[in-house]
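Participant: Just input_9.cif, nothing more (mmCIF, C-alpha atoms):
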```
data_work
#
loop_
_atom_site.group_PDB
_atom_site.id
_atom_site.type_symbol
_atom_site.label_atom_id
_atom_site.label_comp_id
_atom_site.auth_asym_id
_atom_site.auth_seq_id
_atom_site.Cartn_x
_atom_site.Cartn_y
_atom_site.Cartn_z
ATOM 1 C CA MET H 1 -6.265 35.184 15.564
ATOM 2 C CA LYS H 2 -6.163 39.000 15.649
ATOM 3 C CA ALA H 3 -6.270 39.128 11.846
ATOM 4 C CA PHE H 4 -9.276 36.804 11.865
ATOM 5 C CA LEU H 5 -11.228 39.015 14.350
ATOM 6 C CA ALA H 6 -10.306 42.160 12.411
ATOM 7 C CA GLY H 7 -11.654 40.601 9.191
ATOM 8 C CA VAL H 8 -14.935 39.653 10.861
ATOM 9 C CA ALA H 9 -15.348 43.158 12.351
ATOM 10 C CA ALA H 10 -14.685 44.767 8.954
ATOM 11 C CA THR H 11 -17.257 42.502 7.315
ATOM 12 C CA VAL H 12 -19.926 43.356 9.922
ATOM 13 C CA PHE H 13 -19.190 47.107 9.537
ATOM 14 C CA VAL H 14 -19.591 46.932 5.746
ATOM 15 C CA SER H 15 -22.826 44.950 6.158
ATOM 16 C CA MET H 16 -24.300 47.647 8.466
ATOM 17 C CA ARG H 17 -23.434 50.387 5.955
ATOM 18 C CA VAL H 18 -25.081 48.472 3.126
ATOM 19 C CA LEU H 19 -28.252 47.956 5.175
ATOM 20 C CA ALA H 20 -28.375 51.687 6.013
ATOM 21 C CA VAL H 21 -28.134 52.608 2.304
ATOM 22 C CA VAL H 22 -30.843 50.084 1.432
ATOM 23 C CA ALA H 23 -33.155 51.487 4.117
ATOM 24 C CA LEU H 24 -32.645 54.993 2.712
ATOM 25 C CA LEU H 25 -33.451 53.843 -0.831
ATOM 26 C CA VAL H 26 -36.610 52.122 0.378
ATOM 27 C CA ALA H 27 -37.793 55.192 2.315
ATOM 28 C CA VAL H 28 -37.607 57.506 -0.743
ATOM 29 C CA PRO H 29 -40.068 55.546 -2.977
ATOM 30 C CA ALA H 30 -42.408 55.208 -0.004
ATOM 31 C CA SER H 31 -42.610 59.005 0.439
ATOM 32 C CA VAL H 32 -43.155 59.536 -3.273
ATOM 33 C CA GLY H 33 -45.930 56.940 -3.358
ATOM 34 C CA GLU H 34 -47.933 58.877 -0.766
ATOM 35 C CA GLN H 35 -48.965 61.407 -3.485
ATOM 36 C CA TYR H 36 -50.997 58.733 -5.155
ATOM 37 C CA THR H 37 -53.863 57.536 -3.013
ATOM 38 C CA PRO H 38 -55.731 54.553 -4.381
ATOM 39 C CA LYS H 39 -59.547 54.509 -4.275
ATOM 40 C CA THR H 40 -61.179 53.174 -1.191
ATOM 41 C CA LYS H 41 -63.584 50.252 -1.256
ATOM 42 C CA GLN H 42 -66.619 52.599 -0.861
ATOM 43 C CA GLN H 43 -65.552 54.679 -3.872
ATOM 44 C CA LYS H 44 -65.008 51.572 -5.944
ATOM 45 C CA LYS H 45 -68.508 50.295 -5.005
ATOM 46 C CA GLU H 46 -70.197 53.592 -5.942
ATOM 47 C CA SER H 47 -68.482 53.737 -9.329
ATOM 48 C CA LYS H 48 -69.489 50.143 -9.963
ATOM 49 C CA ASN H 49 -73.189 50.897 -9.159
ATOM 50 C CA GLN H 50 -73.129 53.851 -11.507
ATOM 51 C CA ALA H 51 -71.774 51.701 -14.293
ATOM 52 C CA VAL H 52 -74.331 48.937 -13.770
ATOM 53 C CA GLN H 53 -77.446 51.270 -13.420
ATOM 54 C CA PRO H 54 -79.421 51.234 -16.707
ATOM 55 C CA LYS H 55 -80.098 54.415 -18.571
ATOM 56 C CA PRO H 56 -83.731 55.778 -18.631
ATOM 57 C CA THR H 57 -85.819 54.359 -21.492
ATOM 58 C CA THR H 58 -87.141 56.725 -24.133
ATOM 59 C CA PRO H 59 -90.804 56.413 -25.112
ATOM 60 C CA THR H 60 -91.441 54.717 -28.399
ATOM 61 C CA PRO H 61 -93.326 57.008 -30.769
ATOM 62 C CA GLU H 62 -96.784 55.857 -31.810
ATOM 63 C CA VAL H 63 -96.980 54.677 -35.355
ATOM 64 C CA LEU H 64 -100.078 55.811 -37.171
ATOM 65 C CA PRO H 65 -101.412 53.927 -40.089
ATOM 66 C CA SER H 66 -100.966 56.887 -42.328
ATOM 67 C CA THR H 67 -97.357 57.342 -41.480
ATOM 68 C CA PRO H 68 -94.666 55.043 -42.715
ATOM 69 C CA ALA H 69 -93.039 52.776 -40.256
ATOM 70 C CA SER H 70 -89.924 54.225 -38.853
ATOM 71 C CA ALA H 71 -86.714 52.276 -38.091
ATOM 72 C CA PRO H 72 -86.336 50.858 -34.597
ATOM 73 C CA THR H 73 -84.338 52.925 -32.235
ATOM 74 C CA PRO H 74 -81.099 51.167 -31.264
ATOM 75 C CA GLN H 75 -80.728 50.604 -27.597
ATOM 76 C CA ALA H 76 -77.445 51.269 -25.762
ATOM 77 C CA LYS H 77 -75.432 48.209 -24.728
ATOM 78 C CA GLU H 78 -74.866 47.673 -21.072
ATOM 79 C CA GLN H 79 -71.272 48.419 -20.070
ATOM 80 C CA THR H 80 -69.614 45.588 -18.081
ATOM 81 C CA PRO H 81 -67.010 46.799 -15.572
ATOM 82 C CA LYS H 82 -63.448 45.807 -16.414
ATOM 83 C CA PRO H 83 -61.745 43.685 -13.805
ATOM 84 C CA GLU H 84 -59.182 45.612 -11.749
ATOM 85 C CA LEU H 85 -55.580 44.534 -12.435
ATOM 86 C CA LYS H 86 -53.734 43.719 -9.241
ATOM 87 C CA PRO H 87 -49.914 43.846 -9.106
ATOM 88 C CA PHE H 88 -47.965 40.603 -8.692
ATOM 89 C CA LEU H 89 -46.493 41.836 -5.410
ATOM 90 C CA SER H 90 -47.496 44.707 -3.218
ATOM 91 C CA HIS H 91 -45.148 47.517 -2.299
ATOM 92 C CA GLY H 92 -44.444 46.047 1.161
ATOM 93 C CA GLU H 93 -43.749 42.602 -0.290
ATOM 94 C CA TRP H 94 -41.261 44.117 -2.725
ATOM 95 C CA VAL H 95 -39.511 45.878 0.179
ATOM 96 C CA ILE H 96 -39.351 42.730 2.326
ATOM 97 C CA GLY H 97 -38.173 40.594 -0.610
ATOM 98 C CA SER H 98 -35.477 43.106 -1.539
ATOM 99 C CA LEU H 99 -34.196 43.347 2.029
ATOM 100 C CA THR H 100 -34.170 39.554 2.306
ATOM 101 C CA ALA H 101 -32.207 39.207 -0.936
ATOM 102 C CA ILE H 102 -29.706 41.844 0.201
ATOM 103 C CA TYR H 103 -29.344 40.116 3.571
ATOM 104 C CA VAL H 104 -28.719 36.773 1.853
ATOM 105 C CA VAL H 105 -26.045 38.315 -0.398
ATOM 106 C CA ILE H 106 -24.356 40.020 2.573
ATOM 107 C CA SER H 107 -24.506 36.810 4.600
ATOM 108 C CA PHE H 108 -22.935 34.862 1.729
ATOM 109 C CA PHE H 109 -20.042 37.277 1.398
ATOM 110 C CA SER H 110 -19.623 37.353 5.192
ATOM 111 C CA PHE H 111 -19.501 33.566 5.240
ATOM 112 C CA MET H 112 -16.919 33.527 2.454
ATOM 113 C CA ALA H 113 -14.807 36.091 4.333
ATOM 114 C CA ILE H 114 -14.984 34.073 7.563
ATOM 115 C CA LYS H 115 -14.114 30.912 5.680
ATOM 116 C CA ARG H 116 -11.144 32.628 4.067
ATOM 117 C CA GLN H 117 -9.945 33.927 7.446
ATOM 118 C CA ALA H 118 -10.309 30.435 8.939
ATOM 119 C CA HIS H 119 -8.289 28.976 6.069
ATOM 120 C CA ILE H 120 -5.572 31.591 6.605
ATOM 121 C CA ALA H 121 -5.528 30.814 10.339
ATOM 122 C CA GLU H 122 -5.265 27.090 9.591
ATOM 123 C CA GLN H 123 -2.354 27.691 7.230
ATOM 124 C CA ALA H 124 -0.634 29.826 9.876
ATOM 125 C CA ALA H 125 -1.109 27.094 12.500
ATOM 126 C CA THR H 126 0.307 24.468 10.130
ATOM 127 C CA ALA H 127 3.289 26.680 9.360
ATOM 128 C CA ALA H 128 3.881 27.202 13.088
ATOM 129 C CA GLN H 129 3.796 23.450 13.701
ATOM 130 C CA ASP H 130 6.241 22.836 10.865
ATOM 131 C CA ALA H 131 8.544 25.523 12.236
ATOM 132 C CA ALA H 132 8.369 23.978 15.711
ATOM 133 C CA LYS H 133 9.207 20.534 14.330
ATOM 134 C CA ALA H 134 12.106 21.962 12.332
ATOM 135 C CA ALA H 135 13.416 23.745 15.441
ATOM 136 C CA GLU H 136 13.108 20.521 17.431
ATOM 137 C CA ARG H 137 15.046 18.610 14.777
ATOM 138 C CA ASN H 138 17.743 21.274 14.761
ATOM 139 C CA THR H 139 17.973 21.153 18.550
ATOM 140 C CA GLU H 140 18.189 17.367 18.491
ATOM 141 C CA ALA H 141 20.933 17.512 15.868
ATOM 142 C CA LEU H 142 22.863 20.067 17.931
ATOM 143 C CA ILE H 143 22.563 17.888 21.046
ATOM 144 C CA ASN H 144 23.795 14.835 19.149
ATOM 145 C CA ILE H 145 26.768 16.803 17.900
ATOM 146 C CA GLU H 146 27.724 18.204 21.293
ATOM 147 C CA ARG H 147 26.877 15.169 23.480
ATOM 148 C CA PRO H 148 29.532 12.906 25.074
ATOM 149 C CA PHE H 149 30.041 9.427 23.662
ATOM 150 C CA LEU H 150 31.801 6.768 25.767
ATOM 151 C CA LEU H 151 33.239 3.606 24.228
ATOM 152 C CA VAL H 152 35.447 0.786 25.473
ATOM 153 C CA THR H 153 39.003 1.284 24.232
ATOM 154 C CA GLY H 154 40.895 -1.290 26.299
ATOM 155 C CA VAL H 155 40.465 -4.615 28.123
ATOM 156 C CA ARG H 156 43.093 -5.882 30.566
ATOM 157 C CA TYR H 157 43.176 -9.276 32.269
ATOM 158 C CA ASP H 158 45.109 -10.028 35.458
ATOM 159 C CA VAL H 159 45.072 -12.223 38.559
ATOM 160 C CA LEU H 160 44.905 -10.583 41.966
ATOM 161 C CA PRO H 161 44.734 -12.069 45.452
ATOM 162 C CA GLY H 162 41.393 -11.785 47.120
ATOM 163 C CA LYS H 163 39.655 -12.816 50.328
ATOM 164 C CA THR H 164 37.067 -15.545 50.143
ATOM 165 C CA PRO H 165 33.836 -15.533 52.203
ATOM 166 C CA ASP H 166 35.334 -18.067 54.638
ATOM 167 C CA GLY H 167 38.303 -15.746 55.368
ATOM 168 C CA HIS H 168 40.973 -17.387 53.192
ATOM 169 C CA TYR H 169 43.039 -15.576 50.588
ATOM 170 C CA GLU H 170 43.277 -16.903 47.067
ATOM 171 C CA ASN H 171 43.951 -15.603 43.609
ATOM 172 C CA ALA H 172 41.039 -14.383 41.474
ATOM 173 C CA SER H 173 40.875 -13.383 37.834
ATOM 174 C CA HIS H 174 39.887 -9.811 36.980
ATOM 175 C CA VAL H 175 39.013 -7.943 33.785
ATOM 176 C CA HIS H 176 39.553 -4.171 33.683
ATOM 177 C CA PHE H 177 37.791 -1.973 31.113
ATOM 178 C CA THR H 178 38.999 1.401 29.902
ATOM 179 C CA PHE H 179 36.591 4.013 28.483
ATOM 180 C CA LYS H 180 37.218 7.075 26.369
ATOM 181 C CA ASN H 181 34.964 10.054 25.745
ATOM 182 C CA PHE H 182 34.762 10.554 21.974
ATOM 183 C CA GLY H 183 32.144 13.325 22.281
ATOM 184 C CA ASN H 184 32.398 17.098 22.497
ATOM 185 C CA SER H 185 31.215 17.618 26.074
ATOM 186 C CA PRO H 186 31.874 16.084 29.531
ATOM 187 C CA ALA H 187 30.182 12.919 30.760
ATOM 188 C CA TRP H 188 29.095 12.398 34.385
ATOM 189 C CA CYS H 189 29.340 8.744 35.424
ATOM 190 C CA ILE H 190 26.204 7.402 37.126
ATOM 191 C CA THR H 191 26.161 3.578 37.369
ATOM 192 C CA LEU H 192 28.063 0.583 36.057
ATOM 193 C CA GLY H 193 28.047 -3.176 36.357
ATOM 194 C CA GLY H 194 29.027 -6.457 34.693
ATOM 195 C CA ARG H 195 29.773 -10.141 35.001
ATOM 196 C CA PHE H 196 32.768 -12.386 34.288
ATOM 197 C CA LYS H 197 31.816 -16.048 33.965
ATOM 198 C CA ALA H 198 32.366 -19.166 31.876
ATOM 199 C CA PHE H 199 30.014 -20.794 29.361
ATOM 200 C CA ALA H 200 30.367 -24.020 27.447
ATOM 201 C CA LYS H 201 29.572 -22.259 24.188
ATOM 202 C CA ALA H 202 28.726 -18.813 22.959
ATOM 203 C CA ASP H 203 25.076 -19.726 22.353
ATOM 204 C CA ASP H 204 24.564 -20.150 26.100
ATOM 205 C CA LEU H 205 24.302 -16.383 26.570
ATOM 206 C CA LEU H 206 20.810 -15.264 27.534
ATOM 207 C CA GLY H 207 18.826 -12.987 25.263
ATOM 208 C CA GLU H 208 18.836 -10.204 27.880
ATOM 209 C CA PRO H 209 22.015 -9.778 29.955
ATOM 210 C CA ASP H 210 21.957 -10.262 33.721
ATOM 211 C CA TYR H 211 24.419 -7.815 35.270
ATOM 212 C CA GLY H 212 23.948 -8.938 38.877
ATOM 213 C CA ASN H 213 24.928 -6.252 41.365
ATOM 214 C CA ILE H 214 24.960 -2.709 39.955
ATOM 215 C CA ASP H 215 27.273 -0.073 41.458
ATOM 216 C CA ASP H 216 26.014 3.482 41.885
ATOM 217 C CA ILE H 217 29.023 5.756 41.410
ATOM 218 C CA GLU H 218 27.258 9.077 40.859
ATOM 219 C CA THR H 219 28.359 10.331 44.269
ATOM 220 C CA TYR H 220 31.982 9.625 43.368
ATOM 221 C CA GLY H 221 31.998 12.632 41.054
ATOM 222 C CA ILE H 222 33.696 10.832 38.147
ATOM 223 C CA VAL H 223 33.646 13.083 35.094
ATOM 224 C CA LEU H 224 35.208 12.281 31.732
ATOM 225 C CA PRO H 225 36.009 15.416 29.699
ATOM 226 C CA PRO H 226 36.118 15.168 25.892
ATOM 227 C CA GLY H 227 39.049 13.087 24.702
ATOM 228 C CA GLU H 228 39.906 11.694 28.144
ATOM 229 C CA GLU H 229 40.522 7.968 28.588
ATOM 230 C CA ARG H 230 40.257 6.211 31.976
ATOM 231 C CA GLU H 231 40.111 2.688 33.393
ATOM 232 C CA ILE H 232 36.926 2.598 35.445
ATOM 233 C CA LEU H 233 35.271 -0.815 35.501
ATOM 234 C CA ASN H 234 36.772 -3.882 37.219
ATOM 235 C CA ILE H 235 34.877 -7.201 36.985
ATOM 236 C CA THR H 236 35.910 -10.152 39.147
ATOM 237 C CA HIS H 237 35.625 -13.722 37.866
ATOM 238 C CA GLN H 238 32.711 -15.717 39.248
ATOM 239 C CA GLY H 239 33.662 -19.374 39.355
ATOM 240 C CA ALA H 240 36.436 -21.795 40.174
ATOM 241 C CA GLU H 241 39.973 -20.947 39.173
ATOM 242 C CA GLU H 242 40.268 -24.400 37.622
ATOM 243 C CA GLU H 243 38.328 -22.953 34.674
ATOM 244 C CA PHE H 244 41.524 -21.224 33.569
ATOM 245 C CA SER H 245 43.017 -24.421 32.116
ATOM 246 C CA ALA H 246 39.780 -25.307 30.355
ATOM 247 C CA VAL H 247 39.561 -21.835 28.806
ATOM 248 C CA VAL H 248 43.185 -21.994 27.610
ATOM 249 C CA ALA H 249 42.495 -25.413 26.134
ATOM 250 C CA GLY H 250 39.441 -24.058 24.293
ATOM 251 C CA GLU H 251 36.992 -26.208 26.225
ATOM 252 C CA LEU H 252 35.213 -23.232 27.851
ATOM 253 C CA PHE H 253 34.470 -19.626 26.960
ATOM 254 C CA TRP H 254 35.117 -16.793 29.354
ATOM 255 C CA PHE H 255 32.674 -13.944 28.840
ATOM 256 C CA ALA H 256 33.066 -10.487 30.371
ATOM 257 C CA TYR H 257 30.069 -8.279 29.664
ATOM 258 C CA GLY H 258 28.775 -5.125 31.306
ATOM 259 C CA PHE H 259 27.374 -1.608 30.918
ATOM 260 C CA PHE H 260 28.307 1.962 31.733
ATOM 261 C CA ARG H 261 25.638 4.640 32.272
ATOM 262 C CA TYR H 262 26.413 8.367 32.173
ATOM 263 C CA ARG H 263 24.712 11.783 31.874
ATOM 264 C CA ASP H 264 25.467 14.643 29.485
ATOM 265 C CA ILE H 265 25.384 18.434 29.962
ATOM 266 C CA PHE H 266 21.787 18.541 28.693
ATOM 267 C CA GLY H 267 20.565 16.251 31.475
ATOM 268 C CA ARG H 268 20.029 13.260 29.223
ATOM 269 C CA THR H 269 21.101 9.766 30.264
ATOM 270 C CA HIS H 270 23.082 7.493 27.921
ATOM 271 C CA GLU H 271 24.292 3.928 28.187
ATOM 272 C CA THR H 272 27.116 1.892 26.647
ATOM 273 C CA ARG H 273 26.873 -1.929 26.710
ATOM 274 C CA PHE H 274 29.691 -4.259 25.710
ATOM 275 C CA CYS H 275 30.584 -7.948 25.569
ATOM 276 C CA TYR H 276 34.071 -9.546 25.314
ATOM 277 C CA ALA H 277 35.084 -13.212 25.170
ATOM 278 C CA SER H 278 38.278 -15.314 25.453
ATOM 279 C CA SER H 279 38.954 -18.943 24.569
ATOM 280 C CA GLY H 280 41.971 -20.927 23.393
ATOM 281 C CA GLY H 281 45.604 -19.959 23.177
ATOM 282 C CA ARG H 282 48.388 -19.896 25.753
ATOM 283 C CA ALA H 283 47.253 -16.571 27.245
ATOM 284 C CA ILE H 284 43.951 -14.975 28.033
ATOM 285 C CA HIS H 285 43.032 -12.321 25.507
ATOM 286 C CA PHE H 286 39.581 -10.779 25.488
ATOM 287 C CA ARG H 287 38.179 -9.625 22.183
ATOM 288 C CA PRO H 288 34.830 -8.067 21.221
ATOM 289 C CA HIS H 289 32.177 -10.739 20.786
ATOM 290 C CA GLN H 290 29.123 -10.668 18.524
ATOM 291 C CA ALA H 291 26.698 -11.525 21.302
ATOM 292 C CA PRO H 292 22.922 -10.939 21.070
ATOM 293 C CA PRO H 293 22.047 -7.293 20.313
ATOM 294 C CA ALA H 294 21.127 -6.555 23.932
ATOM 295 C CA TYR H 295 24.789 -7.094 24.963
ATOM 296 C CA ASN H 296 26.235 -4.515 22.559
ATOM 297 C CA ARG H 297 24.167 -1.358 22.540
ATOM 298 C CA HIS H 298 24.865 2.378 22.617
ATOM 299 C CA THR H 299 22.357 5.094 23.427
#
```
Please re-express this file's structure in structure tokens.
Facilitator:
Amino acid sequence: MKAFLAGVAATVFVSMRVLAVVALLVAVPASVGEQYTPKTKQQKKESKNQAVQPKPTTPTPEVLPSTPASAPTPQAKEQTPKPELKPFLSHGEWVIGSLTAIYVVISFFSFMAIKRQAHIAEQAATAAQDAAKAAERNTEALINIERPFLLVTGVRYDVLPGKTPDGHYENASHVHFTFKNFGNSPAWCITLGGRFKAFAKADDLLGEPDYGNIDDIETYGIVLPPGEEREILNITHQGAEEEFSAVVAGELFWFAYGFFRYRDIFGRTHETRFCYASSGGRAIHFRPHQAPPAYNRHT
């Protein structure tokens, strides 16, 4: 912007100098022209009357019979005044026209200079935007390199005694998930949740997972440094324990799905979703399941 204003100021300064030189050149012919004073209207009228006034007539000599006739005296032709030639433009009109032409030329070059400065400013703004976008991409790439990245590395099934709502104790199935930080910076755990329930077939999963109750663990201060692996999430089975035999027989599918949300050192929040299933066989083994995309997602 400073370069643009400097260019405009320089153009205006040059224009003022050119106008001063033109005014000086116009003043010199005007002073020289004062030596020649054209005739006034009264002088022109008097000279015209003198040209039109006829000359005095000379008496014609008397011709006597005894004298031979003499040749007629030629009379002088009347002189018609020549029309006065007027210039195409007067001196003042020439001055005004010249100044106007000079002003137009100066204005054109000033406009071209301003246009060139505007184009330079536009190019500089575009270059600044490109540089900002490149810096943003570099920053984003650096963040992606240094960010934490949590993934499920282990799933463990067991049966633990638990207290029912009516006060009785009975065994309940549990699935424990272990996470590992594969990134290059620590991860602060924020929230987690999941469900462990049976479905007749894999297609019974909803398009968007329903995690039920979500646990806020941010106040627990759980931090996973780079490379650390820890069992964090425990999901209790929701349903009758009689489902165990049906799952072993391959008549039902046990699905354990959930999510884990954490924050990185840059203040950004990330989320890891997962889905595991078990069916058939003499023992319960949970394996990754190709559920709908909303069940397996990493941000």
Participant: Which value, in Å to one decimal, gives the distance between CA of Arg156 (chain H) and CA of Thr178 (chain H)?
Facilitator: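 If I compute the distance from CA of Arg156 (chain H) to CA of Thr178 (chain H), I get 8.4 Å.
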Participant: Which neighbours of Asn171 (chain H) fall inside 6 Å, counting all atoms listed in the file, when residues of the same chain fewer than 4 positions from it are skipped, and could you give them as an MDAnalysis selection string?
Facilitator: chainID H and resid 160:162
Participant: Could you write out as a list in words the residues that the PyMOL selection byres ((chain H and resi 265-280) around 6) matches in the shown file?
Facilitator: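 Taken on the displayed file, the PyMOL selection byres ((chain H and resi 265-280) around 6) yields the residues Val247, Val248, Ala249, Gly250, Phe253, Trp254, Phe255, Ala256, Tyr257, Gly258, Phe259, Phe260, Arg261, Tyr262, Arg263, Asp264, Gly281, His285, Phe286, Arg287, Pro288, His289, Tyr295, Asn296, Arg297, His298 and Thr299 of chain H.
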Participant: Any chance you can output those residues with C-alpha atoms as a PDB file, in the coordinates of the input?
Facilitator:
```pdb
ATOM      1  CA  VAL H 247      39.561 -21.835  28.806  1.00  0.00           C
ATOM      2  CA  VAL H 248      43.185 -21.994  27.610  1.00  0.00           C
ATOM      3  CA  ALA H 249      42.495 -25.413  26.134  1.00  0.00           C
ATOM      4  CA  GLY H 250      39.441 -24.058  24.293  1.00  0.00           C
ATOM      5  CA  PHE H 253      34.470 -19.626  26.960  1.00  0.00           C
ATOM      6  CA  TRP H 254      35.117 -16.793  29.354  1.00  0.00           C
ATOM      7  CA  PHE H 255      32.674 -13.944  28.840  1.00  0.00           C
ATOM      8  CA  ALA H 256      33.066 -10.487  30.371  1.00  0.00           C
ATOM      9  CA  TYR H 257      30.069  -8.279  29.664  1.00  0.00           C
ATOM     10  CA  GLY H 258      28.775  -5.125  31.306  1.00  0.00           C
ATOM     11  CA  PHE H 259      27.374  -1.608  30.918  1.00  0.00           C
ATOM     12  CA  PHE H 260      28.307   1.962  31.733  1.00  0.00           C
ATOM     13  CA  ARG H 261      25.638   4.640  32.272  1.00  0.00           C
ATOM     14  CA  TYR H 262      26.413   8.367  32.173  1.00  0.00           C
ATOM     15  CA  ARG H 263      24.712  11.783  31.874  1.00  0.00           C
ATOM     16  CA  ASP H 264      25.467  14.643  29.485  1.00  0.00           C
ATOM     17  CA  GLY H 281      45.604 -19.959  23.177  1.00  0.00           C
ATOM     18  CA  HIS H 285      43.032 -12.321  25.507  1.00  0.00           C
ATOM     19  CA  PHE H 286      39.581 -10.779  25.488  1.00  0.00           C
ATOM     20  CA  ARG H 287      38.179  -9.625  22.183  1.00  0.00           C
ATOM     21  CA  PRO H 288      34.830  -8.067  21.221  1.00  0.00           C
ATOM     22  CA  HIS H 289      32.177 -10.739  20.786  1.00  0.00           C
ATOM     23  CA  TYR H 295      24.789  -7.094  24.963  1.00  0.00           C
ATOM     24  CA  ASN H 296      26.235  -4.515  22.559  1.00  0.00           C
ATOM     25  CA  ARG H 297      24.167  -1.358  22.540  1.00  0.00           C
ATOM     26  CA  HIS H 298      24.865   2.378  22.617  1.00  0.00           C
ATOM     27  CA  THR H 299      22.357   5.094  23.427  1.00  0.00           C
TER      28      THR H 299
END
```
Participant: Mind pulling up the distance from CA of Val152 (chain H) to CA of Glu231 (chain H)?
Facilitator: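 About the pair CA of Glu231 (chain H) and CA of Val152 (chain H): they are 9.4 Å apart.
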Participant: Kindly give the distance, in Å, that separates CA of Trp188 (chain H) and CA of Glu136 (chain H), rounded to a single decimal.
Facilitator: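 So the answer is 24.7 Å.
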Participant: Applying 6 Å and only C-alpha atoms, which residues near Leu252 (chain H) remain after dropping the ones on its own chain fewer than 4 positions away? List them as an MDAnalysis selection string.
Facilitator: chainID H and resid 199:200 246:247
Participant: Enumerate, as number ranges by chain, the residues matched when the PyMOL selection byres ((chain H and resi 157) around 10) is run on the file above.
Facilitator: H: 155-156, 158-160, 173-177, 234-235, 283-286
Participant: Could you state which residues are captured by the PyMOL selection byres ((chain H and resi 221) around 9) in this file, as number ranges by chain?
Facilitator: H: 188-190, 217-220, 222-223
Participant: Given only C-alpha atoms as the basis, pick out the residue of H:Ile96, H:Ala240, H:Ala294, H:Ile232 nearest to Thr153 (chain H).
Facilitator: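 The answer is H:Ile232, which sits nearest to Thr153 (chain H).
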Participant: Nearest to Pro148 (chain H) among H:Phe111, H:Tyr211, H:Tyr169, H:Phe179, with distances taken over all atoms listed in the file: which residue is it?
Facilitator: H:Phe179
Participant: Produce the centre coordinates and the three edge lengths, each in Å to one decimal, of the box along x, y and z that contains all listed atoms of region 195-207 of chain H with 8 Å added on each side, as lines of an AutoDock Vina configuration file.
Facilitator:
```
center_x = 25.8
center_y = -17.1
center_z = 28.7
size_x = 29.9
size_y = 29.9
size_z = 28.6
```
